[in-house]
file protein.txt (compact mmCIF, C-alpha atoms and all ligand atoms)
# COMPACT_ATOMS: atom_id res chain seq x y z
CA MET A 1 125.07 7.99 -1.67
CA THR A 2 121.79 6.11 -1.39
CA ARG A 3 119.91 7.32 -4.43
CA ILE A 4 118.14 4.37 -6.05
CA ASP A 5 119.24 5.40 -9.57
CA VAL A 6 122.86 5.19 -8.36
CA LEU A 7 122.22 1.75 -6.78
CA LEU A 8 120.65 0.54 -10.05
CA ALA A 9 123.65 1.75 -12.03
CA ARG A 10 125.90 -0.36 -9.75
CA GLY A 11 124.03 -3.64 -10.13
CA THR A 12 120.87 -5.65 -9.52
CA THR A 13 118.80 -4.35 -6.62
CA THR A 14 116.42 -6.07 -4.23
CA SER A 15 113.79 -4.08 -2.38
CA PHE A 16 110.91 -4.62 0.00
CA GLU A 17 107.63 -2.72 0.20
CA PHE A 18 105.73 -2.02 3.43
CA PHE A 19 102.58 -0.15 4.38
CA PRO A 20 102.15 2.01 7.49
CA PRO A 21 100.10 0.07 10.08
CA LYS A 22 96.90 1.57 11.47
CA THR A 23 96.97 -0.08 14.92
CA ASP A 24 99.45 -0.67 17.76
CA GLU A 25 99.30 -4.41 17.05
CA GLY A 26 100.08 -3.78 13.37
CA GLU A 27 102.93 -1.53 14.43
CA ALA A 28 104.46 -4.24 16.66
CA HIS A 29 104.06 -6.80 13.87
CA LEU A 30 105.80 -4.52 11.37
CA ARG A 31 108.66 -3.90 13.80
CA ARG A 32 109.22 -7.69 14.00
CA THR A 33 109.04 -8.00 10.21
CA LEU A 34 111.60 -5.23 9.72
CA LYS A 35 113.95 -6.94 12.20
CA GLU A 36 113.63 -10.20 10.26
CA LEU A 37 114.13 -8.63 6.83
CA GLU A 38 116.82 -6.08 7.65
CA PRO A 39 119.60 -8.73 7.81
CA LEU A 40 118.93 -9.50 4.13
CA ARG A 41 120.27 -5.99 3.48
CA PRO A 42 117.90 -4.98 0.69
CA SER A 43 119.05 -2.15 -1.56
CA PHE A 44 116.05 -0.09 -0.40
CA ALA A 45 112.69 -0.36 1.39
CA SER A 46 109.59 1.49 0.28
CA VAL A 47 106.62 2.78 2.27
CA THR A 48 103.18 3.20 0.67
CA TYR A 49 101.05 6.33 0.96
CA GLY A 50 97.39 5.75 1.79
CA ALA A 51 94.15 7.48 1.11
CA GLY A 52 93.34 8.66 4.63
CA GLY A 53 94.79 11.59 6.59
CA SER A 54 96.20 9.68 9.58
CA THR A 55 97.86 6.92 7.53
CA ARG A 56 99.43 9.63 5.36
CA GLU A 57 101.23 11.05 8.40
CA ARG A 58 102.22 7.49 9.41
CA THR A 59 103.99 7.04 6.05
CA HIS A 60 106.16 10.00 6.90
CA GLN A 61 106.87 8.67 10.42
CA LEU A 62 107.80 5.21 9.15
CA VAL A 63 110.11 6.61 6.45
CA ILE A 64 111.89 8.83 8.99
CA ASP A 65 112.11 5.95 11.50
CA MET A 66 113.76 3.75 8.88
CA LEU A 67 116.18 6.50 7.98
CA ARG A 68 117.17 7.29 11.58
CA HIS A 69 116.90 3.95 13.37
CA THR A 70 117.63 1.19 10.81
CA SER A 71 120.18 0.44 8.11
CA LEU A 72 117.39 0.48 5.49
CA VAL A 73 117.41 3.03 2.67
CA PRO A 74 113.83 4.32 2.52
CA MET A 75 111.75 5.31 -0.49
CA ALA A 76 108.65 7.39 0.33
CA HIS A 77 105.57 6.91 -1.87
CA LEU A 78 103.56 10.08 -2.48
CA THR A 79 100.26 10.47 -4.38
CA THR A 80 98.61 13.50 -5.97
CA VAL A 81 95.01 12.46 -5.21
CA SER A 82 93.13 14.89 -2.95
CA HIS A 83 96.22 16.98 -2.27
CA HIS A 84 96.71 20.62 -3.25
CA ARG A 85 99.92 21.40 -5.10
CA HIS A 86 101.27 23.50 -2.21
CA GLU A 87 100.69 20.59 0.25
CA LEU A 88 102.67 18.23 -1.98
CA ALA A 89 105.42 20.82 -2.33
CA SER A 90 105.68 21.15 1.45
CA LEU A 91 105.69 17.35 2.00
CA LEU A 92 108.51 17.06 -0.54
CA ALA A 93 110.42 19.92 1.07
CA ARG A 94 110.08 18.21 4.47
CA TYR A 95 111.51 14.94 3.08
CA ARG A 96 114.32 16.86 1.40
CA ALA A 97 115.21 18.66 4.64
CA GLU A 98 115.21 15.36 6.56
CA GLY A 99 117.59 13.71 4.12
CA VAL A 100 115.18 11.32 2.35
CA GLN A 101 116.60 10.81 -1.13
CA ASN A 102 114.07 8.55 -2.85
CA ILE A 103 110.48 9.36 -3.79
CA LEU A 104 107.95 7.23 -5.71
CA ALA A 105 105.68 9.75 -7.47
CA LEU A 106 102.16 8.39 -8.02
CA ARG A 107 98.74 9.65 -8.99
CA GLY A 108 96.99 7.38 -6.50
CA ASP A 109 93.35 6.35 -6.57
CA PRO A 110 90.41 8.11 -4.90
CA PRO A 111 89.82 6.91 -1.34
CA ARG A 112 87.09 4.24 -1.25
CA GLY A 113 83.71 5.94 -0.78
CA SER A 114 85.26 9.38 -1.09
CA PRO A 115 82.53 11.74 -2.33
CA ALA A 116 84.74 14.26 -4.08
CA PRO A 117 88.34 13.30 -4.75
CA PHE A 118 90.26 16.01 -6.56
CA TYR A 119 93.46 16.15 -8.54
CA ASP A 120 95.29 19.47 -8.40
CA LEU A 121 98.05 17.59 -10.22
CA ALA A 122 96.22 15.38 -12.74
CA HIS A 123 98.90 12.77 -13.40
CA ALA A 124 101.94 11.22 -11.76
CA ILE A 125 104.22 13.00 -14.22
CA ASP A 126 103.11 16.35 -12.77
CA LEU A 127 104.33 15.15 -9.35
CA VAL A 128 107.66 14.06 -10.87
CA GLU A 129 108.08 17.60 -12.17
CA LEU A 130 107.13 19.12 -8.80
CA ALA A 131 109.58 16.80 -6.99
CA ARG A 132 112.36 17.94 -9.35
CA GLU A 133 111.44 21.56 -8.72
CA VAL A 134 111.49 21.11 -4.92
CA GLY A 135 114.30 18.58 -4.60
CA GLY A 136 116.63 19.42 -7.47
CA GLU A 137 119.34 16.77 -7.66
CA GLY A 138 118.52 15.74 -4.08
CA PHE A 139 115.85 13.23 -5.10
CA ALA A 140 115.94 10.05 -7.16
CA ILE A 141 112.37 9.87 -8.46
CA GLY A 142 110.58 6.64 -9.32
CA VAL A 143 107.20 6.09 -11.00
CA ALA A 144 104.69 3.23 -11.27
CA ALA A 145 104.41 1.00 -14.33
CA HIS A 146 101.66 -1.47 -15.19
CA PRO A 147 102.95 -4.34 -17.37
CA GLU A 148 99.42 -5.41 -18.33
CA GLY A 149 98.33 -1.80 -18.85
CA HIS A 150 96.73 0.53 -16.32
CA PRO A 151 93.11 -0.55 -15.71
CA GLN A 152 91.75 2.90 -16.65
CA ALA A 153 93.78 3.29 -19.85
CA THR A 154 91.78 3.49 -23.07
CA SER A 155 94.34 1.25 -24.80
CA ILE A 156 97.60 -0.44 -23.91
CA ALA A 157 99.37 1.50 -26.71
CA GLU A 158 98.24 4.82 -25.23
CA ASP A 159 99.21 3.68 -21.71
CA ARG A 160 102.70 2.74 -22.97
CA ARG A 161 103.11 6.19 -24.58
CA HIS A 162 102.17 7.93 -21.32
CA LEU A 163 104.46 5.55 -19.41
CA ALA A 164 107.42 6.22 -21.73
CA THR A 165 106.97 9.99 -21.29
CA LYS A 166 106.68 9.61 -17.50
CA LEU A 167 109.76 7.36 -17.28
CA ALA A 168 111.77 9.80 -19.40
CA ALA A 169 111.06 12.47 -16.76
CA ALA A 170 111.84 10.09 -13.84
CA ASP A 171 114.92 8.10 -12.79
CA PHE A 172 113.42 4.60 -12.56
CA GLY A 173 110.14 2.70 -12.51
CA VAL A 174 108.64 -0.02 -10.31
CA THR A 175 105.87 -2.24 -11.65
CA GLN A 176 102.56 -3.40 -10.34
CA PHE A 177 102.68 -7.12 -9.46
CA PHE A 178 102.11 -9.62 -12.25
CA PHE A 179 102.49 -13.38 -12.69
CA ARG A 180 103.83 -13.88 -16.23
CA ALA A 181 107.38 -12.77 -17.03
CA GLU A 182 106.21 -12.25 -20.66
CA ASP A 183 104.01 -9.34 -19.57
CA TYR A 184 106.99 -7.52 -18.04
CA LEU A 185 109.25 -8.32 -21.00
CA ALA A 186 106.62 -7.12 -23.52
CA MET A 187 106.36 -3.83 -21.62
CA VAL A 188 110.15 -3.38 -21.62
CA GLU A 189 110.23 -4.06 -25.37
CA ASP A 190 107.39 -1.61 -26.08
CA LEU A 191 109.21 1.03 -24.04
CA SER A 192 112.44 0.39 -25.91
CA THR A 193 110.58 0.80 -29.24
CA LEU A 194 109.35 4.14 -27.91
CA GLY A 195 112.99 5.12 -27.20
CA CYS A 196 112.74 4.69 -23.40
CA ASP A 197 115.48 2.78 -21.57
CA THR A 198 114.88 4.00 -18.01
CA PRO A 199 115.26 0.96 -15.71
CA VAL A 200 111.96 -0.54 -14.54
CA ILE A 201 112.12 -2.85 -11.52
CA PRO A 202 109.57 -5.69 -11.62
CA GLY A 203 107.24 -5.94 -8.61
CA VAL A 204 106.64 -9.44 -7.23
CA MET A 205 103.77 -10.36 -4.90
CA PRO A 206 104.10 -13.82 -3.33
CA VAL A 207 100.58 -15.23 -2.92
CA THR A 208 99.84 -15.97 0.73
CA ASP A 209 96.05 -15.56 0.73
CA VAL A 210 93.82 -16.57 -2.19
CA ARG A 211 90.93 -14.16 -1.55
CA GLN A 212 93.29 -11.25 -0.99
CA ILE A 213 95.28 -11.82 -4.18
CA GLU A 214 92.06 -12.05 -6.22
CA ARG A 215 90.87 -8.74 -4.79
CA PHE A 216 94.22 -7.04 -5.45
CA ALA A 217 94.37 -8.48 -8.97
CA GLN A 218 90.92 -7.10 -9.75
CA LEU A 219 91.87 -3.63 -8.48
CA SER A 220 95.23 -3.48 -10.23
CA GLY A 221 94.33 -5.08 -13.57
CA ALA A 222 96.81 -7.96 -13.05
CA ALA A 223 95.51 -11.30 -14.32
CA VAL A 224 95.94 -14.44 -12.21
CA PRO A 225 96.74 -17.17 -14.80
CA VAL A 226 94.07 -19.91 -14.89
CA ALA A 227 96.52 -22.72 -14.04
CA LEU A 228 97.73 -20.83 -10.95
CA ALA A 229 94.18 -19.92 -9.90
CA ASP A 230 93.19 -23.61 -10.15
CA ARG A 231 96.18 -24.72 -8.03
CA LEU A 232 95.41 -22.11 -5.41
CA HIS A 233 91.68 -22.84 -5.29
CA ALA A 234 92.37 -26.52 -4.69
CA VAL A 235 94.11 -25.61 -1.39
CA ARG A 236 92.44 -22.27 -0.61
CA ASP A 237 91.56 -23.17 3.00
CA ARG A 238 95.01 -24.57 3.81
CA PRO A 239 97.15 -21.43 4.35
CA GLU A 240 100.47 -23.29 4.62
CA GLN A 241 99.96 -24.92 1.21
CA VAL A 242 98.82 -21.64 -0.35
CA ARG A 243 102.01 -20.00 0.90
CA ARG A 244 104.14 -22.89 -0.38
CA ILE A 245 102.65 -22.56 -3.88
CA GLY A 246 102.97 -18.77 -3.68
CA VAL A 247 106.67 -19.02 -2.83
CA GLU A 248 107.34 -21.61 -5.54
CA VAL A 249 105.59 -19.57 -8.25
CA ALA A 250 107.22 -16.29 -7.18
CA THR A 251 110.68 -17.95 -7.10
CA GLU A 252 110.21 -19.20 -10.68
CA LEU A 253 109.03 -15.76 -11.79
CA CYS A 254 112.03 -14.06 -10.14
CA ARG A 255 114.45 -16.50 -11.80
CA ALA A 256 112.91 -15.84 -15.23
CA LEU A 257 113.08 -12.07 -14.66
CA LEU A 258 116.71 -12.11 -13.50
CA ASP A 259 117.68 -14.40 -16.40
CA ALA A 260 116.04 -11.93 -18.79
CA GLY A 261 118.10 -9.07 -17.33
CA ALA A 262 115.63 -7.32 -14.99
CA PRO A 263 117.44 -4.51 -13.11
CA GLY A 264 116.16 -5.65 -9.71
CA LEU A 265 113.36 -7.34 -7.79
CA HIS A 266 110.81 -5.43 -5.70
CA PHE A 267 108.87 -7.57 -3.22
CA TYR A 268 105.40 -6.62 -2.01
CA THR A 269 105.80 -7.98 1.53
CA LEU A 270 102.35 -6.98 2.89
CA ASN A 271 104.32 -6.40 6.12
CA ARG A 272 105.10 -10.13 6.44
CA SER A 273 108.56 -11.62 6.23
CA THR A 274 108.30 -15.40 5.74
CA ALA A 275 107.48 -15.66 2.03
CA THR A 276 109.99 -12.96 1.08
CA ARG A 277 112.73 -14.63 3.16
CA GLU A 278 112.00 -18.01 1.56
CA ILE A 279 112.14 -16.61 -1.98
CA HIS A 280 115.33 -14.71 -1.14
CA ALA A 281 116.87 -17.97 0.11
CA ASN A 282 115.64 -19.98 -2.91
CA LEU A 283 117.25 -17.48 -5.26
CA GLU A 284 120.47 -17.57 -3.22
CA LEU A 285 120.52 -13.79 -3.23
CA THR A 286 123.44 -12.68 -1.10
CA ALA A 287 122.82 -10.24 1.72
CA GLU A 288 124.74 -7.07 0.98
CA ASP A 289 128.25 -7.07 2.37
CA PRO A 290 128.49 -3.91 4.46
CA SER A 291 132.00 -3.32 3.17
CA THR A 292 130.84 -2.92 -0.43
CA PRO A 293 128.34 -0.47 -1.90
CA ALA A 294 124.70 -1.56 -1.93
CA GLY A 295 123.25 -2.87 -5.17
CA THR A 296 126.33 -4.70 -6.44
CA GLN A 297 126.25 -8.32 -5.71
CA HIS A 298 123.00 -10.14 -6.14
CA GLU A 299 123.48 -13.43 -7.87
CA ALA A 300 120.74 -15.04 -9.91
C1 LIG A 401 104.92 0.22 -7.56
C2 LIG A 401 103.57 0.83 -7.24
C3 LIG A 401 103.38 1.45 -6.01
C4 LIG A 401 102.16 2.04 -5.70
N1 LIG A 401 102.00 2.65 -4.50
C5 LIG A 401 100.84 3.29 -4.18
C6 LIG A 401 100.69 4.00 -2.97
O1 LIG A 401 101.60 4.05 -2.14
N2 LIG A 401 99.51 4.62 -2.73
C7 LIG A 401 98.48 4.60 -3.63
O2 LIG A 401 97.42 5.21 -3.38
N3 LIG A 401 98.59 3.94 -4.83
C8 LIG A 401 99.75 3.28 -5.11
N4 LIG A 401 99.88 2.63 -6.33
C9 LIG A 401 98.72 2.54 -7.22
C10 LIG A 401 98.63 3.74 -8.21
O3 LIG A 401 98.45 4.94 -7.50
C11 LIG A 401 97.45 3.46 -9.13
O4 LIG A 401 97.76 2.41 -10.00
C12 LIG A 401 96.90 4.67 -9.89
O5 LIG A 401 95.64 4.28 -10.46
C13 LIG A 401 97.76 5.13 -11.04
O6 LIG A 401 98.87 5.73 -10.59
P1 LIG A 401 100.05 6.17 -11.61
O7 LIG A 401 101.04 6.82 -10.77
O8 LIG A 401 100.45 5.05 -12.49
O9 LIG A 401 99.23 7.27 -12.47
P2 LIG A 401 99.48 7.98 -13.87
O10 LIG A 401 100.84 7.81 -14.38
O11 LIG A 401 98.98 9.37 -13.72
O12 LIG A 401 98.50 7.15 -14.83
C14 LIG A 401 97.13 6.99 -14.51
C15 LIG A 401 96.31 6.83 -15.79
O13 LIG A 401 96.37 8.04 -16.56
C16 LIG A 401 96.90 7.80 -17.85
N5 LIG A 401 97.75 8.95 -18.19
C17 LIG A 401 99.01 9.19 -17.74
N6 LIG A 401 99.46 10.36 -18.21
C18 LIG A 401 98.45 10.89 -18.97
C19 LIG A 401 98.29 12.09 -19.70
N7 LIG A 401 99.26 13.00 -19.77
N8 LIG A 401 97.09 12.30 -20.34
C20 LIG A 401 96.10 11.39 -20.27
N9 LIG A 401 96.19 10.23 -19.59
C21 LIG A 401 97.36 9.98 -18.93
C22 LIG A 401 97.65 6.48 -17.75
O14 LIG A 401 97.69 5.81 -19.01
C23 LIG A 401 96.83 5.73 -16.72
O15 LIG A 401 95.71 5.12 -17.32
C24 LIG A 401 101.09 2.01 -6.65
C25 LIG A 401 101.28 1.36 -7.89
C26 LIG A 401 102.51 0.78 -8.19
C27 LIG A 401 102.69 0.10 -9.50
call {"tool": "encode", "arguments": {"input": "protein.txt", "output": "structure tokens"}}
result
Amino acid sequence: MTRIDVLLARGTTTSFEFFPPKTDEGEAHLRRTLKELEPLRPSFASVTYGAGGSTRERTHQLVIDMLRHTSLVPMAHLTTVSHHRHELASLLARYRAEGVQNILALRGDPPRGSPAPFYDLAHAIDLVELAREVGGEGFAIGVAAHPEGHPQATSIAEDRRHLATKLAAADFGVTQFFFRAEDYLAMVEDLSTLGCDTPVIPGVMPVTDVRQIERFAQLSGAAVPVALADRLHAVRDRPEQVRRIGVEVATELCRALLDAGAPGLHFYTLNRSTATREIHANLELTAEDPSTPAGTQHEA
């Protein structure tokens, strides 16, 4: 059984996120990264779903490749944006038929420059319901959470209410990246006050490129703390030092999250392996022993 909700019930999970490459070179690079990260035996590996038509098909190919040709347990991201309900239903049915057990149900954002994005299903929760309808008990369904609030939400309180309702319909959540453990812990506490105890896995993005992280932070509503921004700016043109600081800061964040009882750690790898491997080693996370079920034995 490789449903993520089952893995979470057994113990702390680790997971890695990848995106489908657009070029042959990117494809070869990802293959190397997967080879380097697979021995760490993550509990699962997730594949993002992009805005454009061709990358959308590549998500499916990568998920099926992982399922058939690696030991990784895949989670397929799926978004409602610019998809008709019947298209989403058939994508879900295809995953179900192929034996994919884990889906991350998202609303998604309109493709950049897209003249007329549409939402047949307005919110991620509508996709959770569709996935249940299509997959029955066959799918473990995850949803996105934004510890600092979703950037389009009218208030954090309203965002938390929508999040609690969405998590109640789903099996688990995974967060947007963030830098302060307090933001994650405040979200978990707000959810608990709202009566929601669905596990939410914190998402961790090791900084490896200053300009890139600032762009992502702006898009996602995650704040880069001033002290960290200052440290990074001081070395912004020295990639090795940026990566070193990124790994150090992410390791500290992971330790604080595990100490506070986070149910797992989800690493945004950006299809690179070095930073994730270094943090994994710093935390002394054990690679899963093949003789025991996944998700049981990560030590803080
Ligand atoms: C772990 C993770 C993985 C991601 N992967 C991808 C990916 O693969 N591809 C991609 O395109 N994007 C991805 N995203 C980004 C995500 O699609 C965006 O953040 C998007 O803007 C919101 O998606 P959502 O699923 O949280 O939407 P929703 O849950 O629908 O929320 C969107 C907004 O609507 C509000 N809202 C929710 N329900 C209601 C309601 N009933 N009535 C009124 N307002 C409501 C919320 O407060 C929020 O402001 C990911 C994000 C995370 C955290």
call {"tool": "residues_around", "arguments": {"input": "protein.txt", "residues": "Ala93 (chain A)", "least_positions_apart": "2", "cutoff": "12 Å", "atoms": "all atoms listed in the file", "output": "JSON, numbers by chain"}}
result
{"A": [86, 87, 88, 89, 90, 91, 95, 96, 97, 98, 99, 100, 101, 103, 130, 131, 132, 133, 134, 135, 136, 138, 139]}
call {"tool": "closest_atom_pairs", "arguments": {"input": "protein.txt", "of": "chain A", "to": "ligand LIG 401 (chain A)", "cutoff": "8 Å", "atoms": "all atoms listed in the file", "output": "tab-separated table"}}
result
residue	atom	partner	partner_atom	distance
A:Phe19	CA	A:LIG401	O1	7.8
A:Val47	CA	A:LIG401	O1	6.8
A:Thr48	CA	A:LIG401	O1	3.3
A:Tyr49	CA	A:LIG401	O1	3.9
A:Gly50	CA	A:LIG401	N2	5.1
A:Ala51	CA	A:LIG401	O2	6.0
A:His77	CA	A:LIG401	O1	4.9
A:Leu78	CA	A:LIG401	O1	6.3
A:Thr79	CA	A:LIG401	O2	6.1
A:Val81	CA	A:LIG401	O2	7.9
A:Leu104	CA	A:LIG401	C3	7.4
A:Ala105	CA	A:LIG401	O7	6.4
A:Leu106	CA	A:LIG401	O7	3.4
A:Arg107	CA	A:LIG401	O7	4.1
A:Gly108	CA	A:LIG401	O3	3.0
A:Asp109	CA	A:LIG401	O5	5.0
A:Pro110	CA	A:LIG401	O2	7.7
A:Ala122	CA	A:LIG401	O11	6.7
A:His123	CA	A:LIG401	O11	3.4
A:Ala124	CA	A:LIG401	O11	4.0
A:Ile125	CA	A:LIG401	O10	6.2
A:Val143	CA	A:LIG401	O7	6.2
A:Ala144	CA	A:LIG401	C27	4.1
A:Ala145	CA	A:LIG401	C27	5.2
A:His146	CA	A:LIG401	C27	6.0
A:Gly149	CA	A:LIG401	O15	7.6
A:His150	CA	A:LIG401	O15	4.8
A:Pro151	CA	A:LIG401	O15	6.4
A:Gln152	CA	A:LIG401	O15	4.6
A:Ala153	CA	A:LIG401	O15	3.7
A:Thr154	CA	A:LIG401	O15	7.2
A:Ile156	CA	A:LIG401	O14	7.9
A:Glu158	CA	A:LIG401	O14	6.3
A:Asp159	CA	A:LIG401	O14	3.8
A:Arg160	CA	A:LIG401	O14	7.1
A:Arg161	CA	A:LIG401	O14	7.8
A:His162	CA	A:LIG401	N6	4.8
A:Leu163	CA	A:LIG401	O10	6.6
A:Lys166	CA	A:LIG401	O10	6.9
A:Gly173	CA	A:LIG401	C1	7.6
A:Val174	CA	A:LIG401	C1	4.6
A:Thr175	CA	A:LIG401	C27	4.5
A:Gln176	CA	A:LIG401	C27	3.6
A:Phe177	CA	A:LIG401	C27	7.2
A:Gly203	CA	A:LIG401	C1	6.7
A:Ser220	CA	A:LIG401	O4	6.4
call {"tool": "write_last_selection", "arguments": {"input": "protein.txt", "atoms": "C-alpha atoms", "output": "compact mmCIF listing (two decimals), keeping the file's coordinate frame"}}
result
# COMPACT_ATOMS: atom_id res chain seq x y z
CA PHE A 19 102.58 -0.15 4.38
CA VAL A 47 106.62 2.78 2.27
CA THR A 48 103.18 3.20 0.67
CA TYR A 49 101.05 6.33 0.96
CA GLY A 50 97.39 5.75 1.79
CA ALA A 51 94.15 7.48 1.11
CA HIS A 77 105.57 6.91 -1.87
CA LEU A 78 103.56 10.08 -2.48
CA THR A 79 100.26 10.47 -4.38
CA VAL A 81 95.01 12.46 -5.21
CA LEU A 104 107.95 7.23 -5.71
CA ALA A 105 105.68 9.75 -7.47
CA LEU A 106 102.16 8.39 -8.02
CA ARG A 107 98.74 9.65 -8.99
CA GLY A 108 96.99 7.38 -6.50
CA ASP A 109 93.35 6.35 -6.57
CA PRO A 110 90.41 8.11 -4.90
CA ALA A 122 96.22 15.38 -12.74
CA HIS A 123 98.90 12.77 -13.40
CA ALA A 124 101.94 11.22 -11.76
CA ILE A 125 104.22 13.00 -14.22
CA VAL A 143 107.20 6.09 -11.00
CA ALA A 144 104.69 3.23 -11.27
CA ALA A 145 104.41 1.00 -14.33
CA HIS A 146 101.66 -1.47 -15.19
CA GLY A 149 98.33 -1.80 -18.85
CA HIS A 150 96.73 0.53 -16.32
CA PRO A 151 93.11 -0.55 -15.71
CA GLN A 152 91.75 2.90 -16.65
CA ALA A 153 93.78 3.29 -19.85
CA THR A 154 91.78 3.49 -23.07
CA ILE A 156 97.60 -0.44 -23.91
CA GLU A 158 98.24 4.82 -25.23
CA ASP A 159 99.21 3.68 -21.71
CA ARG A 160 102.70 2.74 -22.97
CA ARG A 161 103.11 6.19 -24.58
CA HIS A 162 102.17 7.93 -21.32
CA LEU A 163 104.46 5.55 -19.41
CA LYS A 166 106.68 9.61 -17.50
CA GLY A 173 110.14 2.70 -12.51
CA VAL A 174 108.64 -0.02 -10.31
CA THR A 175 105.87 -2.24 -11.65
CA GLN A 176 102.56 -3.40 -10.34
CA PHE A 177 102.68 -7.12 -9.46
CA GLY A 203 107.24 -5.94 -8.61
CA SER A 220 95.23 -3.48 -10.23
call {"tool": "closest_residue", "arguments": {"input": "protein.txt", "among": "A:Val210, A:Leu40, A:Glu57, A:Tyr268", "to": "Ala234 (chain A)", "atoms": "only C-alpha atoms"}}
result
A:Val210
call {"tool": "closest_residue", "arguments": {"input": "protein.txt", "among": "A:Pro117, A:Gly11, A:Pro42, A:Pro147", "to": "Asp190 (chain A)", "atoms": "all atoms listed in the file"}}
result
A:Pro147
call {"tool": "closest_residue", "arguments": {"input": "protein.txt", "among": "A:Ala250, A:Leu92, A:Val6, A:Ala181", "to": "Ala262 (chain A)", "atoms": "all atoms listed in the file"}}
result
A:Ala181
call {"tool": "closest_residue", "arguments": {"input": "protein.txt", "among": "A:Phe44, A:Phe172, A:Phe178, A:Phe18", "to": "Cys254 (chain A)", "atoms": "only C-alpha atoms"}}
result
A:Phe178
call {"tool": "residues_around", "arguments": {"input": "protein.txt", "residues": "Ser46 (chain A)", "least_positions_apart": "2", "cutoff": "6 Å", "atoms": "only C-alpha atoms", "output": "PyMOL selection string"}}
result
chain A and resi 17+74-76
call {"tool": "atom_distance", "arguments": {"input": "protein.txt", "atom1": "CA of Cys196 (chain A)", "atom2": "CA of Ala170 (chain A)"}}
result
11.0 Å
call {"tool": "residues_around", "arguments": {"input": "protein.txt", "residues": "Glu252 (chain A)", "least_positions_apart": "3", "cutoff": "12 Å", "atoms": "all atoms listed in the file", "output": "count of residues only"}}
result
20
call {"tool": "atom_distance", "arguments": {"input": "protein.txt", "atom1": "CA of Ser192 (chain A)", "atom2": "CA of Ala168 (chain A)"}}
result
11.5 Å
call {"tool": "decode", "arguments": {"input": "protein.txt", "residues": "region 118-129 of chain A", "atoms": "N, CA and C atoms", "output": "JSON list (two decimals), in the first residue's frame"}}
result
[["chain", "number", "residue", "atom", "x", "y", "z"],
["A", 118, "PHE", "N", -9.89, 29.87, -17.75],
["A", 118, "PHE", "CA", -11.23, 29.62, -17.20],
["A", 118, "PHE", "C", -11.16, 28.55, -16.12],
["A", 119, "TYR", "N", -12.13, 28.58, -15.27],
["A", 119, "TYR", "CA", -12.21, 27.62, -14.17],
["A", 119, "TYR", "C", -13.58, 26.95, -14.20],
["A", 120, "ASP", "N", -13.64, 25.77, -14.80],
["A", 120, "ASP", "CA", -14.87, 25.00, -14.76],
["A", 120, "ASP", "C", -15.11, 24.57, -13.31],
["A", 121, "LEU", "N", -14.02, 24.18, -12.65],
["A", 121, "LEU", "CA", -14.06, 23.92, -11.21],
["A", 121, "LEU", "C", -13.36, 25.12, -10.56],
["A", 122, "ALA", "N", -14.08, 25.89, -9.76],
["A", 122, "ALA", "CA", -13.57, 27.18, -9.29],
["A", 122, "ALA", "C", -12.44, 27.05, -8.27],
["A", 123, "HIS", "N", -12.52, 26.02, -7.43],
["A", 123, "HIS", "CA", -11.54, 25.91, -6.34],
["A", 123, "HIS", "C", -11.01, 24.49, -6.23],
["A", 124, "ALA", "N", -9.85, 24.40, -5.55],
["A", 124, "ALA", "CA", -9.21, 23.09, -5.39],
["A", 124, "ALA", "C", -10.16, 22.08, -4.75],
["A", 125, "ILE", "N", -10.98, 22.54, -3.83],
["A", 125, "ILE", "CA", -11.88, 21.59, -3.14],
["A", 125, "ILE", "C", -12.82, 20.89, -4.13],
["A", 126, "ASP", "N", -13.17, 21.58, -5.21],
["A", 126, "ASP", "CA", -14.05, 20.96, -6.22],
["A", 126, "ASP", "C", -13.31, 19.81, -6.91],
["A", 127, "LEU", "N", -11.99, 19.95, -7.05],
["A", 127, "LEU", "CA", -11.20, 18.88, -7.67],
["A", 127, "LEU", "C", -11.03, 17.70, -6.69],
["A", 128, "VAL", "N", -10.93, 18.02, -5.40],
["A", 128, "VAL", "CA", -10.87, 16.95, -4.39],
["A", 128, "VAL", "C", -12.13, 16.10, -4.52],
["A", 129, "GLU", "N", -13.28, 16.78, -4.63],
["A", 129, "GLU", "CA", -14.55, 16.05, -4.71],
["A", 129, "GLU", "C", -14.63, 15.21, -5.99]]
